[in-house]
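Have a look at target25.txt; it's compact mmCIF, C-alpha atoms:
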# COMPACT_ATOMS: atom_id res chain seq x y z
CA MET A 26 -28.41 174.94 -39.66
CA SER A 27 -28.63 172.08 -37.20
CA HIS A 28 -31.92 170.75 -35.92
CA THR A 29 -32.97 168.08 -33.46
CA TRP A 30 -34.82 165.47 -35.45
CA ASN A 31 -37.28 162.85 -34.32
CA THR A 32 -36.83 159.48 -35.98
CA ARG A 33 -38.96 156.39 -36.31
CA ALA A 34 -39.38 153.26 -38.37
CA GLU A 35 -41.00 153.72 -41.74
CA THR A 36 -44.70 152.83 -41.89
CA GLY A 37 -46.69 151.78 -44.93
CA ALA A 38 -48.15 155.28 -45.07
CA ASP A 39 -44.59 156.68 -45.43
CA ILE A 40 -43.71 154.76 -48.59
CA PRO A 41 -44.74 157.53 -51.05
CA ALA A 42 -42.91 160.18 -48.99
CA VAL A 43 -39.78 158.02 -48.80
CA ARG A 44 -39.92 157.48 -52.57
CA ASP A 45 -40.22 161.26 -53.07
CA ILE A 46 -37.29 161.95 -50.71
CA VAL A 47 -35.02 159.47 -52.47
CA ARG A 48 -36.02 160.70 -55.94
CA ALA A 49 -35.36 164.31 -54.95
CA ALA A 50 -32.01 163.57 -53.29
CA PHE A 51 -30.41 161.78 -56.25
CA PRO A 52 -29.93 162.88 -59.86
CA THR A 53 -31.71 159.83 -61.34
CA PRO A 54 -34.66 157.68 -60.19
CA GLU A 55 -32.39 154.61 -59.85
CA GLU A 56 -32.05 154.82 -56.06
CA ALA A 57 -35.82 155.18 -55.57
CA LEU A 58 -36.35 152.14 -57.78
CA LEU A 59 -33.72 150.30 -55.73
CA VAL A 60 -35.59 151.04 -52.49
CA ASP A 61 -38.81 149.72 -54.03
CA ALA A 62 -37.03 146.57 -55.23
CA LEU A 63 -35.42 146.02 -51.81
CA ARG A 64 -38.79 146.50 -50.10
CA ALA A 65 -40.18 143.72 -52.33
CA ASP A 66 -37.26 141.33 -51.69
CA PRO A 67 -38.00 139.11 -48.67
CA GLU A 68 -34.35 138.05 -48.44
CA ALA A 69 -33.15 141.66 -48.22
CA TRP A 70 -35.87 143.55 -46.36
CA ILE A 71 -35.87 143.58 -42.57
CA ASP A 72 -38.87 145.18 -40.90
CA GLY A 73 -37.88 148.06 -38.68
CA LEU A 74 -34.64 148.92 -40.51
CA SER A 75 -36.06 151.55 -42.84
CA LEU A 76 -35.86 154.69 -40.69
CA VAL A 77 -37.13 158.19 -41.31
CA ALA A 78 -36.30 161.54 -39.77
CA VAL A 79 -39.53 163.50 -39.45
CA ASP A 80 -40.41 167.17 -39.16
CA ASP A 81 -42.56 168.65 -36.39
CA ASP A 82 -45.69 167.47 -38.23
CA ASP A 83 -44.36 163.87 -38.42
CA ARG A 84 -43.67 164.15 -42.17
CA PRO A 85 -40.56 162.28 -43.34
CA VAL A 86 -37.74 164.50 -44.58
CA GLY A 87 -34.82 162.04 -44.35
CA HIS A 88 -34.41 158.31 -44.83
CA ALA A 89 -31.82 155.63 -44.09
CA LEU A 90 -32.19 152.00 -45.13
CA LEU A 91 -30.42 148.88 -43.90
CA THR A 92 -30.94 145.62 -45.79
CA ARG A 93 -29.43 142.15 -45.58
CA CYS A 94 -26.12 141.47 -47.22
CA HIS A 95 -23.27 139.11 -46.36
CA ILE A 96 -19.56 139.52 -45.75
CA GLY A 97 -18.27 136.19 -46.95
CA ASP A 98 -20.66 133.76 -45.26
CA SER A 99 -21.46 136.07 -42.34
CA PRO A 100 -24.77 137.94 -42.31
CA ALA A 101 -24.39 141.70 -42.31
CA LEU A 102 -26.33 144.79 -43.25
CA CYS A 103 -25.86 147.24 -46.10
CA LEU A 104 -26.56 150.92 -45.44
CA ALA A 105 -27.99 152.33 -48.67
CA PRO A 106 -29.42 154.58 -49.67
CA VAL A 107 -29.37 157.50 -47.27
CA ALA A 108 -31.40 160.44 -48.56
CA VAL A 109 -32.66 163.82 -47.36
CA ARG A 110 -35.04 166.22 -49.06
CA PRO A 111 -32.85 168.84 -50.75
CA ASP A 112 -34.39 171.70 -48.75
CA ARG A 113 -33.48 169.89 -45.50
CA GLN A 114 -29.96 168.77 -46.41
CA GLY A 115 -27.28 169.98 -44.03
CA THR A 116 -29.68 170.09 -41.07
CA GLY A 117 -28.73 166.76 -39.49
CA ALA A 118 -31.77 164.86 -40.77
CA GLY A 119 -29.62 162.30 -42.59
CA SER A 120 -27.34 161.80 -39.58
CA ALA A 121 -30.35 161.34 -37.32
CA ALA A 122 -31.82 158.71 -39.66
CA VAL A 123 -28.50 156.86 -39.90
CA ARG A 124 -28.00 156.86 -36.13
CA ALA A 125 -31.57 155.63 -35.62
CA ALA A 126 -31.08 152.86 -38.20
CA LEU A 127 -27.82 151.68 -36.60
CA ALA A 128 -29.43 151.72 -33.14
CA ALA A 129 -32.43 149.74 -34.42
CA ALA A 130 -30.08 147.18 -36.01
CA GLY A 131 -28.20 146.81 -32.73
CA ARG A 132 -31.46 146.22 -30.86
CA LEU A 133 -32.28 143.45 -33.35
CA GLY A 134 -28.97 141.76 -32.59
CA GLU A 135 -27.34 142.62 -35.90
CA ARG A 136 -23.55 142.76 -35.74
CA HIS A 137 -22.02 144.25 -38.88
CA VAL A 138 -22.80 147.00 -41.38
CA VAL A 139 -21.13 147.98 -44.64
CA VAL A 140 -21.56 151.16 -46.63
CA LEU A 141 -20.28 152.30 -50.00
CA GLY A 142 -20.25 156.06 -49.70
CA HIS A 143 -18.49 159.32 -48.97
CA PRO A 144 -15.38 158.68 -46.85
CA GLU A 145 -15.75 162.10 -45.21
CA TYR A 146 -19.34 161.45 -44.05
CA TYR A 147 -19.66 157.92 -42.70
CA PRO A 148 -16.72 157.79 -40.25
CA ARG A 149 -18.75 160.04 -37.90
CA PHE A 150 -20.94 156.97 -37.26
CA GLY A 151 -17.97 154.70 -36.53
CA PHE A 152 -17.38 153.33 -40.03
CA GLY A 153 -13.80 152.60 -41.04
CA ARG A 154 -12.05 151.41 -44.17
CA ALA A 155 -13.34 147.91 -44.95
CA SER A 156 -10.09 146.79 -46.58
CA ALA A 157 -8.38 147.08 -43.18
CA HIS A 158 -10.53 144.10 -42.16
CA GLY A 159 -10.05 142.11 -45.36
CA ILE A 160 -13.47 143.13 -46.72
CA GLY A 161 -13.83 143.79 -50.43
CA LEU A 162 -16.21 143.88 -53.38
CA THR A 163 -16.41 142.14 -56.73
CA ILE A 164 -16.35 145.53 -58.47
CA ASP A 165 -13.70 148.24 -58.45
CA VAL A 166 -14.42 151.14 -56.12
CA PRO A 167 -12.10 153.59 -54.40
CA ASP A 168 -10.67 151.83 -51.35
CA GLU A 169 -11.72 154.61 -48.99
CA ALA A 170 -15.36 154.48 -50.20
CA LEU A 171 -16.08 150.96 -48.90
CA MET A 172 -16.46 151.14 -45.14
CA ALA A 173 -17.58 148.76 -42.41
CA LEU A 174 -18.71 148.95 -38.80
CA THR A 175 -19.24 146.40 -36.07
CA LEU A 176 -22.28 147.04 -33.87
CA ASP A 177 -21.08 144.56 -31.24
CA ALA A 178 -17.48 144.83 -30.05
CA ALA A 179 -17.62 141.18 -28.96
CA HIS A 180 -17.97 140.22 -32.64
CA PRO A 181 -15.20 141.76 -34.77
CA LEU A 182 -15.81 142.31 -38.45
CA PRO A 183 -15.38 139.18 -40.56
CA SER A 184 -13.26 139.25 -43.68
CA GLY A 185 -14.54 138.36 -47.12
CA THR A 186 -16.31 139.68 -50.16
CA VAL A 187 -19.52 141.63 -49.66
CA ARG A 188 -22.52 139.98 -51.31
CA TYR A 189 -25.31 142.51 -51.71
CA ALA A 190 -29.00 141.68 -52.08
CA ALA A 191 -30.00 140.90 -55.68
CA PRO A 192 -31.64 144.30 -56.38
CA PHE A 193 -28.24 146.01 -56.07
CA GLY A 194 -27.01 144.10 -59.12
CA ILE A 195 -23.53 143.70 -57.62
What is this structure when it is put down as structure tokens?
Amino acid sequence: MSHTWNTRAETGADIPAVRDIVRAAFPTPEEALLVDALRADPEAWIDGLSLVAVDDDDRPVGHALLTRCHIGDSPALCLAPVAVRPDRQGTGAGSAAVRAALAAAGRLGERHVVVLGHPEYYPRFGFGRASAHGIGLTIDVPDEALMALTLDAAHPLPSGTVRYAAPFGI
């Protein structure tokens, strides 16, 4: 069932709802703890890049987060986590939040985004295999799971190893 979702930047009042969404969407609380740790990390957190998809009563049901990382020495963004309340999964709420987050990043002048995720899901947003651009990680992951996207065609993806914010532990 598809739905047209409104999206907006997370506000302070949304923090408990975002925590609940992330906890409900994943099998362990680790991702919710990660969001809290990223929110507290001034080197990772970028105001305006935590986006929510909201229902008709302006209650968050989906969330997408972009935080600072680097590809080699080049600043980039990491898309993680993306979460939707289980009862709203499959409705487009996650896609709406991701599209809103990428658009917000572009408006801020950000150029590159990486994601470690489902290779069937993220290409719909323009992500492609990171290894094709010489981008890798310090840990072993399936090659097709690490993807990258340039938000500005005038600035192609750099090559190098992705350095995540400290809370990721990678």
- Item | Selection near Gly119 of chain A, 10 Å with all atoms listed in the file, sequence-local residues under 3 positions removed, as a VMD selection string | chain A and resid 30 77 to 78 86 to 89 107 to 110 113 to 116 122 to 125
Once you have the residues from the selection above, write them out as a CSV table (one decimal), keeping the file's coordinate frame, restricted to C-alpha atoms.
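Printed below is again_16.csv as written:
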chain,number,residue,atom,x,y,z
A,30,TRP,CA,-34.8,165.5,-35.4
A,77,VAL,CA,-37.1,158.2,-41.3
A,78,ALA,CA,-36.3,161.5,-39.8
A,86,VAL,CA,-37.7,164.5,-44.6
A,87,GLY,CA,-34.8,162.0,-44.4
A,88,HIS,CA,-34.4,158.3,-44.8
A,89,ALA,CA,-31.8,155.6,-44.1
A,107,VAL,CA,-29.4,157.5,-47.3
A,108,ALA,CA,-31.4,160.4,-48.6
A,109,VAL,CA,-32.7,163.8,-47.4
A,110,ARG,CA,-35.0,166.2,-49.1
A,113,ARG,CA,-33.5,169.9,-45.5
A,114,GLN,CA,-30.0,168.8,-46.4
A,115,GLY,CA,-27.3,170.0,-44.0
A,116,THR,CA,-29.7,170.1,-41.1
A,122,ALA,CA,-31.8,158.7,-39.7
A,123,VAL,CA,-28.5,156.9,-39.9
A,124,ARG,CA,-28.0,156.9,-36.1
A,125,ALA,CA,-31.6,155.6,-35.6
- Task: Point out the residue among A:Glu145, A:Asp177, A:Asp80, A:Asp98 with the least atom-to-atom distance to Ala121 of chain A, counting only C-alpha atoms.
- Result: A:Asp80
- Query: Can you tell me how far atom CA of Ala129 of chain A sits from atom CA of Thr92 of chain A, in Å to one decimal?
  - Reply: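 Between these atoms lies a distance of 12.2 Å.
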- Message: Report, in Å to a single decimal, how far apart atom CA of Ser120 of chain A and atom CA of Gly73 of chain A are.
- Response: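 Straight-line distance from atom CA of Gly73 of chain A to atom CA of Ser120 of chain A works out to 17.3 Å.
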- Message: Can you pull out the residues contacting Ala191 of chain A? Cut-off 10 Å, using only C-alpha atoms, and skip same-chain residues under 5 positions away; I want them as a list in words.
- Response: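 The residues satisfying every condition are Ala62, Leu63, Asp66, Glu68, Ala69 and Cys94 of chain A.
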- Item | Surrounding residues of Asp72 of chain A excluding itself and chain neighbours under 6 positions, 12 Å, all atoms listed in the file, as number ranges by chain | A: 34-37, 63-66, 90-93, 126, 129-130, 133
- Counting all atoms listed in the file, select every polymer residue within 8 Å of (-22.7, 139.5, -48.3) as defined in the file's coordinates, and provide the selection as a PyMOL selection string. chain A and resi 93-101+186-190
Those residues you just picked out, can you put them in a file as a PDB file, in the frame of the given file with C-alpha atoms?
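Resulting contents of selection39.pdb:
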ATOM      1  CA  ARG A  93     -29.430 142.150 -45.580  1.00  0.00           C
ATOM      2  CA  CYS A  94     -26.120 141.470 -47.220  1.00  0.00           C
ATOM      3  CA  HIS A  95     -23.270 139.110 -46.360  1.00  0.00           C
ATOM      4  CA  ILE A  96     -19.560 139.520 -45.750  1.00  0.00           C
ATOM      5  CA  GLY A  97     -18.270 136.190 -46.950  1.00  0.00           C
ATOM      6  CA  ASP A  98     -20.660 133.760 -45.260  1.00  0.00           C
ATOM      7  CA  SER A  99     -21.460 136.070 -42.340  1.00  0.00           C
ATOM      8  CA  PRO A 100     -24.770 137.940 -42.310  1.00  0.00           C
ATOM      9  CA  ALA A 101     -24.390 141.700 -42.310  1.00  0.00           C
ATOM     10  CA  THR A 186     -16.310 139.680 -50.160  1.00  0.00           C
ATOM     11  CA  VAL A 187     -19.520 141.630 -49.660  1.00  0.00           C
ATOM     12  CA  ARG A 188     -22.520 139.980 -51.310  1.00  0.00           C
ATOM     13  CA  TYR A 189     -25.310 142.510 -51.710  1.00  0.00           C
ATOM     14  CA  ALA A 190     -29.000 141.680 -52.080  1.00  0.00           C
TER      15      ALA A 190
END
Quick one: residues within 10 Å of Ile164 of chain A, all atoms listed in the file, excluding same-chain residues fewer than 3 positions away - as a short mmCIF file (atom, residue, chain, number, x, y, z; two decimals) with C-alpha atoms, in the frame of the given file?
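Below is the file that was written, selection-v2.cif:
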data_model
loop_
_atom_site.label_atom_id
_atom_site.label_comp_id
_atom_site.auth_asym_id
_atom_site.auth_seq_id
_atom_site.Cartn_x
_atom_site.Cartn_y
_atom_site.Cartn_z
CA GLY A 161 -13.83 143.79 -50.43
CA PRO A 167 -12.10 153.59 -54.40
CA ILE A 195 -23.53 143.70 -57.62
#
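Comparing A:Val138, A:Leu74, A:Ala178, A:Ala42 by their smallest distance to Ala155 of chain A, the closest is A:Val138 (using all atoms listed in the file).
For the atom pair formed by atom CA of Phe193 of chain A and atom CA of Pro106 of chain A, the distance is 10.8 Å, given to one decimal.
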- Task: Tell me which of A:Ala49, A:Val43, A:Ala157, A:Leu58 sits closest to Ser184 of chain A, counting all atoms listed in the file.
- Result: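 The shortest atom-to-atom distance to Ser184 of chain A comes from A:Ala157.
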- When distances are computed from all atoms listed in the file, which of A:His137, A:Arg149, A:Arg33, A:His28 shows the smallest separation from Asp83 of chain A?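 Going through A:His137, A:Arg149, A:Arg33, A:His28 one by one, the smallest distance to Asp83 of chain A is for A:Arg33.
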Take every atom of segment 178-187 of chain A listed in the file, fit an axis-aligned box around them, add 4 Å per side, and give the centre and edge lengths in Å to one decimal as lines of an AutoDock Vina configuration file.
center_x = -16.4
center_y = 141.6
center_z = -39.6
size_x = 14.3
size_y = 14.5
size_z = 29.2
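The nearest approach to Leu176 of chain A among the residues A:Ala50, A:Ala57, A:Val79, A:Leu102, with all atoms listed in the file taken into account, belongs to A:Leu102.
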- Message: Env of Asp39 of chain A: 10 Å cut, atoms = all atoms listed in the file, seq-sep filter 6 positions within chain, self excluded. Answer as a list in words.
- Response: Asp45, Val77, Arg84 and Pro85 of chain A
- Task: Go through A:Ala105, A:Leu59, A:Leu141, A:Ala118 and flag the residue nearest Ala170 of chain A, using only C-alpha atoms for the distances.
- Result: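 Residue with the minimum atom-to-atom distance to Ala170 of chain A: A:Leu141.
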